[in-house]
file target08.cif (mmCIF, C-alpha atoms and all ligand atoms)
data_final
#
loop_
_atom_site.label_atom_id
_atom_site.label_comp_id
_atom_site.auth_asym_id
_atom_site.auth_seq_id
_atom_site.Cartn_x
_atom_site.Cartn_y
_atom_site.Cartn_z
CA MET A 93 -1.98 -39.48 9.42
CA GLU A 94 -3.45 -40.12 12.84
CA SER A 95 -0.90 -40.25 15.69
CA PHE A 96 0.07 -43.82 16.54
CA ILE A 97 2.01 -46.15 18.79
CA TYR A 98 3.06 -49.33 17.03
CA GLN A 99 4.57 -52.45 18.54
CA TYR A 100 4.17 -55.91 17.15
CA PRO A 101 4.41 -58.74 19.66
CA VAL A 102 3.15 -61.88 17.82
CA LYS A 103 6.05 -64.08 16.77
CA ASN A 104 5.32 -65.64 13.36
CA TYR A 105 6.80 -68.93 12.18
CA PHE A 106 5.98 -69.10 8.49
CA GLY A 107 6.47 -71.82 5.85
CA GLU A 108 7.13 -75.52 5.52
CA GLY A 109 7.97 -77.10 8.87
CA ALA A 110 6.78 -74.02 10.79
CA LEU A 111 4.90 -76.05 13.39
CA GLU A 112 7.80 -78.33 14.30
CA GLN A 113 10.16 -75.37 14.42
CA ALA A 114 7.77 -73.34 16.56
CA LEU A 115 7.07 -76.13 19.01
CA ALA A 116 10.75 -76.96 19.41
CA ALA A 117 11.47 -73.34 20.26
CA GLU A 118 8.36 -72.44 22.26
CA LEU A 119 7.22 -75.56 24.15
CA PRO A 120 9.86 -75.18 26.88
CA PHE A 121 8.11 -71.92 27.85
CA MET A 122 4.54 -73.24 27.73
CA GLY A 123 4.29 -75.08 31.06
CA ALA A 124 3.43 -78.71 31.74
CA LYS A 125 -0.28 -78.77 30.83
CA VAL A 126 -1.34 -77.68 27.37
CA MET A 127 -4.96 -77.33 26.29
CA LEU A 128 -5.20 -78.52 22.69
CA ALA A 129 -8.15 -76.71 21.11
CA TYR A 130 -9.63 -77.42 17.70
CA GLY A 131 -12.77 -77.38 15.59
CA GLY A 132 -15.14 -79.98 14.26
CA GLY A 133 -12.59 -82.59 13.32
CA SER A 134 -10.81 -81.54 10.12
CA ILE A 135 -7.49 -81.80 11.96
CA LYS A 136 -8.21 -85.48 12.64
CA ARG A 137 -9.00 -86.15 8.97
CA THR A 138 -5.85 -84.38 7.75
CA GLY A 139 -3.52 -86.14 10.22
CA LEU A 140 -2.46 -82.89 11.86
CA TYR A 141 -4.01 -83.90 15.18
CA ASP A 142 -1.75 -86.99 15.40
CA GLU A 143 1.27 -84.87 14.53
CA VAL A 144 0.52 -82.26 17.20
CA VAL A 145 -0.22 -84.89 19.85
CA ARG A 146 3.04 -86.65 18.99
CA LEU A 147 5.07 -83.45 19.31
CA LEU A 148 3.41 -82.46 22.58
CA THR A 149 3.80 -85.95 24.04
CA GLU A 150 7.46 -86.17 23.01
CA ALA A 151 8.01 -82.86 24.78
CA GLY A 152 6.50 -84.37 27.95
CA LYS A 153 3.36 -82.24 27.98
CA GLU A 154 0.09 -83.30 29.53
CA ILE A 155 -2.68 -82.67 26.99
CA VAL A 156 -6.14 -81.41 27.90
CA GLU A 157 -8.57 -81.43 24.98
CA PHE A 158 -11.07 -78.74 24.03
CA ALA A 159 -12.79 -79.91 20.85
CA GLY A 160 -15.76 -79.05 18.66
CA ILE A 161 -15.31 -75.29 18.30
CA MET A 162 -17.85 -74.45 15.64
CA PRO A 163 -17.61 -71.86 12.81
CA ASN A 164 -18.86 -68.55 14.24
CA PRO A 165 -18.11 -69.68 17.81
CA THR A 166 -20.74 -69.10 20.46
CA TYR A 167 -20.57 -67.50 23.87
CA GLU A 168 -21.64 -70.83 25.33
CA LYS A 169 -18.62 -72.53 23.74
CA VAL A 170 -16.34 -69.89 25.27
CA GLN A 171 -17.78 -70.68 28.70
CA GLU A 172 -17.28 -74.42 28.09
CA GLY A 173 -13.63 -73.85 27.18
CA ALA A 174 -13.02 -71.58 30.17
CA LYS A 175 -14.50 -74.22 32.51
CA ILE A 176 -12.20 -76.91 31.11
CA ALA A 177 -9.17 -74.61 31.35
CA ARG A 178 -9.97 -73.72 34.97
CA GLU A 179 -10.78 -77.24 36.10
CA HIS A 180 -7.55 -78.63 34.66
CA GLU A 181 -5.49 -75.56 35.53
CA VAL A 182 -3.92 -75.50 32.08
CA ASP A 183 -0.69 -73.57 31.61
CA ALA A 184 -1.17 -72.71 27.95
CA ILE A 185 -3.60 -73.06 25.05
CA LEU A 186 -2.56 -74.37 21.65
CA ALA A 187 -5.34 -73.44 19.20
CA VAL A 188 -5.27 -75.32 15.89
CA GLY A 189 -7.63 -74.20 13.13
CA GLY A 190 -9.01 -71.01 11.59
CA GLY A 191 -10.52 -67.79 12.86
CA SER A 192 -13.28 -69.50 14.81
CA VAL A 193 -10.93 -71.65 16.89
CA PHE A 194 -8.58 -68.72 17.52
CA ASP A 195 -11.34 -66.28 18.45
CA CYS A 196 -12.94 -68.73 20.85
CA CYS A 197 -9.59 -69.49 22.51
CA LYS A 198 -8.60 -65.83 22.86
CA ILE A 199 -11.70 -65.24 24.95
CA VAL A 200 -11.43 -68.57 26.79
CA SER A 201 -7.94 -67.48 27.78
CA ALA A 202 -9.31 -64.29 29.36
CA GLN A 203 -12.53 -65.76 30.83
CA ALA A 204 -10.62 -68.56 32.56
CA LYS A 205 -8.70 -65.94 34.55
CA LEU A 206 -11.73 -63.77 35.38
CA ASP A 207 -14.20 -64.26 38.24
CA GLU A 208 -16.85 -62.14 36.49
CA ASP A 209 -18.76 -63.07 33.37
CA ILE A 210 -16.67 -61.63 30.50
CA HIS A 211 -19.68 -60.16 28.70
CA GLU A 212 -20.63 -58.15 31.78
CA TYR A 213 -17.01 -57.26 32.45
CA GLU A 214 -16.25 -55.96 28.96
CA HIS A 215 -19.58 -54.80 27.58
CA GLU A 216 -21.43 -53.60 30.66
CA GLN A 217 -18.65 -52.44 32.98
CA GLY A 218 -16.43 -51.31 30.08
CA LYS A 219 -13.33 -53.01 31.50
CA MET A 220 -10.61 -54.86 29.62
CA PRO A 221 -9.11 -58.12 30.87
CA THR A 222 -5.47 -57.99 31.85
CA GLU A 223 -4.71 -61.59 32.72
CA PHE A 224 -4.63 -64.40 30.19
CA ILE A 225 -3.64 -68.02 29.81
CA PRO A 226 -0.80 -67.86 27.24
CA LEU A 227 -2.09 -68.70 23.77
CA ALA A 228 -0.46 -69.93 20.56
CA CYS A 229 -2.11 -70.50 17.18
CA VAL A 230 -1.50 -73.04 14.41
CA VAL A 231 -3.15 -71.83 11.20
CA THR A 232 -4.95 -74.47 9.12
CA LEU A 233 -7.14 -71.97 7.27
CA SER A 234 -6.13 -68.38 6.53
CA GLY A 235 -8.16 -65.29 5.77
CA THR A 236 -9.29 -63.79 9.04
CA GLY A 237 -5.76 -63.03 10.24
CA ALA A 238 -7.19 -63.80 13.68
CA GLU A 239 -3.86 -65.29 14.80
CA GLN A 240 -2.38 -61.78 14.60
CA ASN A 241 -4.61 -59.85 17.00
CA ASN A 242 -6.37 -59.99 20.39
CA GLY A 243 -9.95 -59.54 19.19
CA GLY A 244 -12.39 -62.43 19.19
CA VAL A 245 -15.70 -62.30 17.33
CA ILE A 246 -18.24 -64.28 19.35
CA THR A 247 -21.88 -65.06 18.62
CA ASP A 248 -24.11 -64.57 21.62
CA GLU A 249 -27.16 -66.61 20.70
CA VAL A 250 -29.22 -65.36 23.63
CA ARG A 251 -28.59 -61.64 23.07
CA LYS A 252 -28.60 -62.09 19.24
CA VAL A 253 -25.31 -60.28 18.80
CA LYS A 254 -22.21 -61.34 16.93
CA GLY A 255 -19.62 -58.94 18.24
CA PRO A 256 -16.06 -58.35 19.38
CA PHE A 257 -14.48 -59.25 22.69
CA ILE A 258 -10.93 -58.53 23.80
CA GLY A 259 -8.90 -61.56 24.76
CA ALA A 260 -5.37 -62.89 24.65
CA LEU A 261 -2.94 -61.79 21.99
CA PRO A 262 -1.28 -64.97 20.68
CA ALA A 263 2.32 -65.24 21.82
CA TRP A 264 3.21 -66.96 18.57
CA ALA A 265 1.64 -68.38 15.44
CA ALA A 266 2.70 -71.15 13.07
CA LEU A 267 1.63 -70.58 9.47
CA ASP A 268 2.39 -73.50 7.15
CA PRO A 269 0.50 -72.79 3.90
CA ALA A 270 0.48 -76.51 3.02
CA TYR A 271 -2.05 -77.06 5.84
CA THR A 272 -4.59 -75.09 3.82
CA LEU A 273 -4.48 -77.56 0.89
CA THR A 274 -7.26 -79.63 2.45
CA VAL A 275 -9.60 -76.66 2.98
CA PRO A 276 -12.61 -76.94 0.62
CA SER A 277 -12.21 -74.40 -2.23
CA ALA A 278 -15.28 -72.34 -1.36
CA GLN A 279 -14.07 -72.03 2.24
CA PHE A 280 -10.55 -71.07 1.18
CA MET A 281 -11.90 -68.39 -1.18
CA SER A 282 -14.19 -67.12 1.56
CA GLY A 283 -11.12 -66.66 3.76
CA ALA A 284 -9.10 -64.98 1.01
CA PHE A 285 -11.96 -62.59 0.28
CA ASP A 286 -12.18 -61.82 4.00
CA SER A 287 -8.54 -60.68 3.80
CA LEU A 288 -9.37 -58.45 0.83
CA SER A 289 -12.29 -57.05 2.80
CA HIS A 290 -10.02 -56.28 5.77
CA CYS A 291 -7.70 -54.35 3.45
CA MET A 292 -10.56 -52.45 1.81
CA GLU A 293 -12.23 -51.62 5.11
CA THR A 294 -8.91 -50.37 6.47
CA TYR A 295 -8.26 -48.24 3.38
CA PHE A 296 -11.75 -46.72 3.30
CA GLY A 297 -11.39 -45.36 6.84
CA THR A 298 -9.98 -41.99 7.78
CA PRO A 299 -8.01 -39.87 7.15
CA ARG A 300 -9.00 -39.96 3.49
CA GLU A 301 -5.77 -38.46 2.11
CA ARG A 302 -3.39 -41.03 0.67
CA CYS A 303 -0.74 -42.24 3.13
CA VAL A 304 2.05 -44.80 3.22
CA SER A 305 -0.24 -47.37 4.88
CA ASP A 306 -2.62 -47.00 1.92
CA ASP A 307 0.17 -47.55 -0.60
CA ILE A 308 1.18 -50.80 1.15
CA ASN A 309 -2.51 -51.70 1.39
CA PHE A 310 -3.05 -51.30 -2.40
CA ALA A 311 -0.15 -53.68 -3.02
CA VAL A 312 -1.63 -56.28 -0.66
CA GLN A 313 -5.07 -55.96 -2.32
CA ARG A 314 -3.56 -56.47 -5.78
CA ASN A 315 -1.64 -59.47 -4.46
CA ILE A 316 -4.80 -61.03 -3.00
CA ILE A 317 -6.72 -60.57 -6.25
CA ARG A 318 -3.89 -62.04 -8.36
CA ASN A 319 -3.44 -65.03 -6.06
CA MET A 320 -7.15 -65.75 -5.65
CA ARG A 321 -7.23 -65.98 -9.46
CA ALA A 322 -4.22 -68.33 -9.35
CA VAL A 323 -5.92 -70.60 -6.79
CA ALA A 324 -9.17 -70.51 -8.78
CA ALA A 325 -7.16 -71.77 -11.79
CA ASP A 326 -5.25 -74.39 -9.80
CA GLU A 327 -6.35 -75.14 -6.26
CA ASN A 328 -3.06 -76.90 -5.54
CA ASP A 329 -0.97 -73.82 -6.35
CA LEU A 330 1.01 -73.73 -3.10
CA HIS A 331 2.89 -70.57 -4.04
CA ALA A 332 -0.40 -68.68 -4.45
CA ARG A 333 -1.74 -70.14 -1.22
CA SER A 334 1.43 -69.06 0.60
CA GLU A 335 0.97 -65.52 -0.63
CA LEU A 336 -2.64 -65.52 0.55
CA VAL A 337 -1.71 -66.86 3.99
CA TYR A 338 0.74 -63.98 4.39
CA ASP A 339 -1.75 -61.47 2.93
CA SER A 340 -4.19 -62.65 5.57
CA ALA A 341 -1.65 -61.94 8.30
CA MET A 342 -0.82 -58.55 6.74
CA GLY A 343 -4.49 -57.58 6.85
CA GLU A 344 -4.64 -57.95 10.62
CA ASN A 345 -1.12 -57.48 11.96
CA GLY A 346 -1.63 -53.75 12.28
CA VAL A 347 0.77 -52.60 9.54
CA LEU A 348 -1.98 -51.39 7.19
CA LYS A 349 -3.79 -49.72 10.07
CA ILE A 350 -0.92 -47.48 11.10
CA GLY A 351 -2.14 -43.89 11.10
CA LYS A 352 -5.68 -44.91 10.12
CA VAL A 353 -9.12 -45.25 11.71
CA GLY A 354 -10.69 -48.14 9.83
CA ASP A 355 -14.17 -48.24 8.36
CA PHE A 356 -15.32 -51.88 8.92
CA GLN A 357 -18.96 -50.99 8.30
CA CYS A 358 -19.33 -54.00 6.00
CA HIS A 359 -18.02 -56.24 8.79
CA MET A 360 -20.47 -54.79 11.29
CA ILE A 361 -23.38 -55.49 8.94
CA GLN A 362 -22.13 -59.01 8.10
CA HIS A 363 -21.50 -59.88 11.75
CA GLN A 364 -25.05 -58.92 12.69
CA TYR A 365 -26.41 -60.78 9.66
CA GLY A 366 -24.36 -63.74 10.94
CA ALA A 367 -25.90 -63.39 14.41
CA TYR A 368 -29.34 -63.93 12.87
CA THR A 369 -28.45 -66.48 10.18
CA HIS A 370 -25.23 -68.27 11.29
CA THR A 371 -23.85 -67.85 7.77
CA ASN A 372 -20.29 -67.90 6.45
CA HIS A 373 -18.36 -64.69 7.18
CA GLY A 374 -16.27 -64.16 4.01
CA LEU A 375 -19.04 -65.14 1.60
CA GLY A 376 -21.48 -62.83 3.37
CA LEU A 377 -19.01 -59.95 3.02
CA GLY A 378 -18.78 -60.65 -0.72
CA ILE A 379 -22.53 -60.22 -1.10
CA ILE A 380 -22.72 -57.00 0.91
CA HIS A 381 -19.58 -55.12 -0.20
CA PRO A 382 -20.56 -53.92 -3.69
CA HIS A 383 -24.01 -52.75 -2.55
CA LEU A 384 -22.60 -50.96 0.48
CA TYR A 385 -19.91 -49.25 -1.61
CA ARG A 386 -22.42 -47.98 -4.17
CA HIS A 387 -24.09 -46.20 -1.24
CA LEU A 388 -20.81 -44.86 0.16
CA ALA A 389 -18.92 -43.79 -2.97
CA PRO A 390 -20.87 -40.53 -3.51
CA ALA A 391 -19.76 -39.43 -0.01
CA ALA A 392 -16.04 -39.98 -0.73
CA PRO A 393 -15.64 -40.10 -4.53
CA GLU A 394 -11.96 -39.18 -4.61
CA GLN A 395 -11.01 -41.92 -2.13
CA PHE A 396 -13.04 -44.52 -4.03
CA ALA A 397 -11.64 -43.36 -7.40
CA ARG A 398 -8.04 -43.71 -6.15
CA TRP A 399 -8.79 -47.28 -5.08
CA ALA A 400 -10.46 -48.04 -8.44
CA VAL A 401 -7.35 -46.89 -10.31
CA GLU A 402 -4.74 -48.43 -7.99
CA VAL A 403 -6.38 -51.79 -7.29
CA TRP A 404 -8.62 -52.44 -10.30
CA GLY A 405 -6.69 -50.58 -13.00
CA VAL A 406 -9.63 -48.38 -14.00
CA ASP A 407 -8.59 -45.75 -16.58
CA PRO A 408 -9.60 -42.34 -15.15
CA ALA A 409 -9.08 -40.36 -18.38
CA GLY A 410 -11.99 -38.06 -19.14
CA LYS A 411 -14.12 -39.28 -16.21
CA ASP A 412 -15.10 -37.63 -12.95
CA ASP A 413 -14.18 -39.26 -9.63
CA LEU A 414 -17.59 -40.81 -9.03
CA ALA A 415 -17.66 -42.46 -12.47
CA VAL A 416 -14.19 -43.93 -11.83
CA ALA A 417 -15.27 -45.05 -8.34
CA LEU A 418 -18.36 -46.82 -9.68
CA GLU A 419 -16.28 -48.60 -12.34
CA GLY A 420 -14.03 -49.86 -9.55
CA ILE A 421 -17.02 -51.15 -7.59
CA ASP A 422 -18.30 -52.89 -10.74
CA ALA A 423 -14.87 -54.52 -11.09
CA LEU A 424 -15.08 -55.73 -7.48
CA ALA A 425 -18.57 -57.16 -8.12
CA ALA A 426 -17.38 -58.88 -11.30
CA PHE A 427 -14.40 -60.36 -9.44
CA ILE A 428 -16.65 -61.81 -6.72
CA LYS A 429 -18.74 -63.48 -9.44
CA GLU A 430 -15.61 -64.67 -11.27
CA MET A 431 -14.43 -66.36 -8.04
CA GLY A 432 -17.69 -68.33 -7.95
CA MET A 433 -18.82 -66.69 -4.71
CA PRO A 434 -22.53 -66.06 -4.11
CA THR A 435 -23.68 -62.57 -5.02
CA THR A 436 -27.15 -62.62 -3.45
CA PHE A 437 -28.70 -63.97 -0.24
CA ALA A 438 -30.87 -66.17 -2.50
CA GLU A 439 -27.76 -67.86 -3.96
CA PHE A 440 -26.38 -68.08 -0.42
CA GLU A 441 -29.62 -69.81 0.58
CA SER A 442 -29.80 -67.63 3.69
CA ASP A 443 -32.76 -66.00 5.39
CA ALA A 444 -33.52 -62.63 3.79
CA SER A 445 -37.02 -62.06 5.13
CA ASP A 446 -38.08 -58.49 5.94
CA GLY A 447 -38.11 -59.31 9.63
CA THR A 448 -34.53 -60.61 9.68
CA LEU A 449 -33.11 -57.84 7.52
CA ARG A 450 -34.89 -55.21 9.61
CA ALA A 451 -33.52 -56.71 12.84
CA VAL A 452 -29.99 -56.78 11.38
CA ALA A 453 -30.28 -53.18 10.18
CA ASP A 454 -31.54 -51.99 13.55
CA THR A 455 -28.76 -53.69 15.52
CA ALA A 456 -25.68 -53.32 13.27
CA VAL A 457 -22.98 -51.10 14.78
CA LEU A 458 -22.38 -47.80 12.92
CA THR A 459 -18.63 -47.23 12.52
CA ALA A 460 -16.60 -44.07 12.96
CA GLY A 461 -14.42 -44.29 9.85
CA CYS A 462 -17.26 -44.93 7.38
CA ALA A 463 -17.49 -42.44 4.49
CA LYS A 464 -20.85 -41.36 5.87
CA LYS A 465 -22.89 -42.29 8.89
CA LEU A 466 -25.52 -44.70 7.62
CA THR A 467 -28.97 -44.87 9.14
CA PRO A 468 -30.66 -48.18 10.02
CA ASP A 469 -33.08 -47.48 7.13
CA GLU A 470 -30.21 -47.19 4.68
CA ILE A 471 -28.63 -50.40 5.99
CA PHE A 472 -32.01 -52.07 5.51
CA GLU A 473 -32.08 -50.75 1.92
CA ILE A 474 -28.58 -52.16 1.32
CA LEU A 475 -29.60 -55.54 2.75
CA VAL A 476 -32.72 -55.61 0.58
CA GLU A 477 -30.51 -54.98 -2.48
CA CYS A 478 -28.49 -58.07 -1.44
CA ARG A 479 -31.55 -60.31 -1.80
O1 LIG B 501 -14.11 -77.18 12.33
P1 LIG B 501 -13.24 -77.95 11.40
O2 LIG B 501 -13.65 -79.37 11.26
O3 LIG B 501 -11.79 -77.80 11.72
O4 LIG B 501 -13.49 -77.35 9.91
C1 LIG B 501 -13.25 -76.00 9.63
C2 LIG B 501 -14.55 -75.19 9.53
O5 LIG B 501 -15.64 -75.99 9.23
C3 LIG B 501 -12.69 -75.89 8.22
N1 LIG B 501 -11.23 -76.03 8.17
C4 LIG B 501 -10.30 -75.29 8.79
N2 LIG B 501 -9.07 -75.69 8.42
C5 LIG B 501 -9.24 -76.75 7.58
C6 LIG B 501 -10.62 -76.96 7.41
N3 LIG B 501 -11.11 -77.95 6.63
C7 LIG B 501 -10.21 -78.72 5.99
N4 LIG B 501 -8.87 -78.55 6.08
C8 LIG B 501 -8.34 -77.58 6.87
N5 LIG B 501 -7.02 -77.39 6.91
O6 LIG B 501 -13.05 -74.60 7.79
C9 LIG B 501 -14.32 -74.28 8.35
C10 LIG B 501 -14.38 -72.83 8.69
O7 LIG B 501 -13.48 -72.53 9.74
P2 LIG B 501 -13.55 -71.11 10.49
O8 LIG B 501 -12.47 -71.09 11.50
O9 LIG B 501 -14.94 -70.86 10.93
O10 LIG B 501 -13.26 -70.09 9.30
P3 LIG B 501 -12.54 -68.70 9.31
O11 LIG B 501 -11.08 -68.83 9.49
O12 LIG B 501 -13.02 -67.99 8.10
O13 LIG B 501 -13.10 -67.96 10.62
C11 LIG B 501 -14.36 -67.33 10.62
C12 LIG B 501 -14.62 -66.67 11.96
O14 LIG B 501 -13.63 -65.65 12.24
C13 LIG B 501 -14.30 -64.41 12.52
C14 LIG B 501 -15.55 -64.52 11.68
O15 LIG B 501 -16.53 -63.60 12.05
C15 LIG B 501 -15.95 -65.96 11.93
O16 LIG B 501 -16.62 -66.08 13.16
N6 LIG B 501 -13.40 -63.29 12.25
C16 LIG B 501 -12.38 -63.06 13.10
C17 LIG B 501 -11.54 -61.97 12.95
C18 LIG B 501 -10.46 -61.66 13.92
N7 LIG B 501 -10.45 -62.25 15.09
O17 LIG B 501 -9.57 -60.85 13.65
C19 LIG B 501 -11.65 -61.03 11.84
C20 LIG B 501 -12.64 -61.43 10.81
O18 LIG B 501 -13.14 -60.26 10.23
C21 LIG B 501 -13.75 -62.30 11.26
O19 LIG B 501 -14.84 -61.54 11.77
ZN ZN B 502 -13.41 -60.42 8.32
#
call {"tool": "encode", "arguments": {"input": "target08.cif", "output": "structure tokens"}}
result
Amino acid sequence: MESFIYQYPVKNYFGEGALEQALAAELPFMGAKVMLAYGGGSIKRTGLYDEVVRLLTEAGKEIVEFAGIMPNPTYEKVQEGAKIAREHEVDAILAVGGGSVFDCCKIVSAQAKLDEDIHEYEHEQGKMPTEFIPLACVVTLSGTGAEQNNGGVITDEVRKVKGPFIGALPAWAALDPAYTLTVPSAQFMSGAFDSLSHCMETYFGTPRERCVSDDINFAVQRNIIRNMRAVAADENDLHARSELVYDSAMGENGVLKIGKVGDFQCHMIQHQYGAYTHTNHGLGLGIIHPHLYRHLAPAAPEQFARWAVEVWGVDPAGKDDLAVALEGIDALAAFIKEMGMPTTFAEFESDASDGTLRAVADTAVLTAGCAKKLTPDEIFEILVECR
């Protein structure tokens, strides 16, 4: 195991009535002016907006709105949010939505307190923000686990980079699985697969010897697979959805990462592909993962074989590690198909021209925990296989 310091500061309110319970307990500490941040309007269609406004108003809060946060939030949107927060001098941000709303608000929270441009501050001067507008998250779509950490993935359309920023760590999160019932099935599955990807990318990091974090991780992966199948069979299965909402949190609350350096190479490729194509995160991961893993397994056959046995139930008898590993990757690919997710960029109807794939390959970050250091040419090869 790597040495570690672990402390977990996000307070989670989980289950039916979580929002009301959280607001009753937390609003007294959130100041007079609350910025209510949300996406493209699903919260208005589901009635959640009215409920949140009612609870905030009853608590005597002044509401400042920050609406229209798009999937794969842009740097421009962050600047818009920071301007609103500054102009109105908001005391706290209540972010209601999925990963995109949370990510945008985490960085808004930091940018609003900074005089410098946050891109220059973090990525050019190498500094980390230390002051934030307090942030809380209400989960309406799970998968990213973004309510559990302080990283925000932002698309910079000018620089053509979709990459991480450090922002506020949410003080608390409300996770009521029933809120996810209105999420379109493909979107919900995209989120659930994203959680599985987080677990896999954490497991496939270093050190490669089995550790307690890996054993917990295998259990979470099996749980995600079982419950994705349950939701595929019955999209109103609230028990299965509840499990997946918690799996999503488990993927990003740090527990599985204790003593590990994650891989996250698939994420780096998908993020850059997203920078060029503005495509869905979880579905993009599903296309890339099997191809990437076929390239990586020969570099770490034992680690891949263990995962194949523990997560996919591959029988190792009479086979070498690489054969077992490849059977596991085939099982992953078959599962993605079974869940009705796209398996090629063609099915995804996304740009897969040579020029785009080459640009993605040349700009994707190479990660430290990856089984082997890929070259841009090999990433290009992997992306071509995804066509
Ligand atoms: O915008 P609205 O109208 O609200 O609709 C949203 C959006 O179109 C809809 N939705 C959300 N809750 C709903 C709902 N529709 C009906 N009923 C509900 N209850 O879902 C659509 C997608 O939302 P989005 O927030 O974009 O999805 P997701 O949660 O998958 O977030 C994706 C973003 O998170 C980043 C991704 O890169 C991507 O930008 N990630 C953030 C991570 C983090 N901070 O830890 C980790 C991840 O690896 C990921 O990179
Ligand atoms: Zn992800």
call {"tool": "residues_near_ligand", "arguments": {"input": "target08.cif", "ligand": "ligand LIG 501 (chain B)", "cutoff": "6 Å", "atoms": "only C-alpha atoms and all ligand atoms", "output": "ChimeraX atom specification"}}
result
/A:131-135,162-164,189-193,195,232-238,243-245,271-272,274-275,283,373
call {"tool": "residues_near_point", "arguments": {"input": "target08.cif", "point": "(-9.0, -37.1, -1.7)", "cutoff": "7 Å", "atoms": "all atoms listed in the file", "output": "list in words"}}
result
Arg300, Glu301, Glu394 and Gln395 of chain A
call {"tool": "write_last_selection", "arguments": {"input": "target08.cif", "atoms": "C-alpha atoms", "output": "mmCIF file, in the frame of the given file"}}
result
data_model
loop_
_atom_site.group_PDB
_atom_site.id
_atom_site.type_symbol
_atom_site.label_atom_id
_atom_site.label_comp_id
_atom_site.auth_asym_id
_atom_site.auth_seq_id
_atom_site.Cartn_x
_atom_site.Cartn_y
_atom_site.Cartn_z
ATOM 1 C CA ARG A 300 -9.000 -39.960 3.490
ATOM 2 C CA GLU A 301 -5.770 -38.460 2.110
ATOM 3 C CA GLU A 394 -11.960 -39.180 -4.610
ATOM 4 C CA GLN A 395 -11.010 -41.920 -2.130
#
call {"tool": "closest_atom_pairs", "arguments": {"input": "target08.cif", "of": "chain A", "to": "ligand ZN 502 (chain B)", "cutoff": "7 Å", "atoms": "only C-alpha atoms and all ligand atoms", "output": "tab-separated table"}}
result
residue	atom	partner	partner_atom	distance
A:Thr236	CA	B:ZN502	ZN	5.4
A:Asp286	CA	B:ZN502	ZN	4.7
A:Ser287	CA	B:ZN502	ZN	6.6
A:Ser289	CA	B:ZN502	ZN	6.6
A:His290	CA	B:ZN502	ZN	5.9
A:His359	CA	B:ZN502	ZN	6.2
A:His373	CA	B:ZN502	ZN	6.6
A:Gly374	CA	B:ZN502	ZN	6.4
call {"tool": "residues_around", "arguments": {"input": "target08.cif", "residues": "A:Lys153", "least_positions_apart": "5", "cutoff": "12 Å", "atoms": "only C-alpha atoms", "output": "PDB file with C-alpha atoms, in the coordinates of the input"}}
result
ATOM      1  CA  LEU A 115       7.070 -76.130  19.010  1.00  0.00           C
ATOM      2  CA  LEU A 119       7.220 -75.560  24.150  1.00  0.00           C
ATOM      3  CA  PRO A 120       9.860 -75.180  26.880  1.00  0.00           C
ATOM      4  CA  PHE A 121       8.110 -71.920  27.850  1.00  0.00           C
ATOM      5  CA  MET A 122       4.540 -73.240  27.730  1.00  0.00           C
ATOM      6  CA  GLY A 123       4.290 -75.080  31.060  1.00  0.00           C
ATOM      7  CA  ALA A 124       3.430 -78.710  31.740  1.00  0.00           C
ATOM      8  CA  LYS A 125      -0.280 -78.770  30.830  1.00  0.00           C
ATOM      9  CA  VAL A 126      -1.340 -77.680  27.370  1.00  0.00           C
ATOM     10  CA  MET A 127      -4.960 -77.330  26.290  1.00  0.00           C
ATOM     11  CA  LEU A 128      -5.200 -78.520  22.690  1.00  0.00           C
ATOM     12  CA  VAL A 144       0.520 -82.260  17.200  1.00  0.00           C
ATOM     13  CA  VAL A 145      -0.220 -84.890  19.850  1.00  0.00           C
ATOM     14  CA  ARG A 146       3.040 -86.650  18.990  1.00  0.00           C
ATOM     15  CA  LEU A 147       5.070 -83.450  19.310  1.00  0.00           C
ATOM     16  CA  LEU A 148       3.410 -82.460  22.580  1.00  0.00           C
ATOM     17  CA  VAL A 182      -3.920 -75.500  32.080  1.00  0.00           C
ATOM     18  CA  ASP A 183      -0.690 -73.570  31.610  1.00  0.00           C
ATOM     19  CA  ALA A 184      -1.170 -72.710  27.950  1.00  0.00           C
ATOM     20  CA  ILE A 185      -3.600 -73.060  25.050  1.00  0.00           C
ATOM     21  CA  LEU A 186      -2.560 -74.370  21.650  1.00  0.00           C
TER      22      LEU A 186
END
call {"tool": "residues_around", "arguments": {"input": "target08.cif", "residues": "A:Leu111", "least_positions_apart": "6", "cutoff": "9 Å", "atoms": "all atoms listed in the file", "output": "PyMOL selection string"}}
result
chain A and resi 105+144+230+265-268
call {"tool": "atom_distance", "arguments": {"input": "target08.cif", "atom1": "atom CA of A:Ile176", "atom2": "atom CA of A:His211"}}
result
18.5 Å
call {"tool": "residues_around", "arguments": {"input": "target08.cif", "residues": "A:Glu335", "least_positions_apart": "4", "cutoff": "9 Å", "atoms": "only C-alpha atoms", "output": "list in words"}}
result
Pro269, Asn315, Ile316, Asn319, Leu330, His331, Asp339 and Ser340 of chain A
call {"tool": "closest_residue", "arguments": {"input": "target08.cif", "among": "A:Glu112, A:Glu223, A:Glu143, A:Glu402", "to": "A:Val416", "atoms": "only C-alpha atoms"}}
result
A:Glu402
call {"tool": "atom_distance", "arguments": {"input": "target08.cif", "atom1": "atom CA of A:Val200", "atom2": "atom CA of A:Ala174"}}
result
4.8 Å
call {"tool": "residues_around", "arguments": {"input": "target08.cif", "residues": "A:Ala426", "least_positions_apart": "6", "cutoff": "10 Å", "atoms": "only C-alpha atoms", "output": "VMD selection string"}}
result
chain A and resid 382 420 435
call {"tool": "closest_residue", "arguments": {"input": "target08.cif", "among": "A:Ala417, A:Leu375, A:Val253, A:Leu140", "to": "A:Thr166", "atoms": "only C-alpha atoms"}}
result
A:Val253
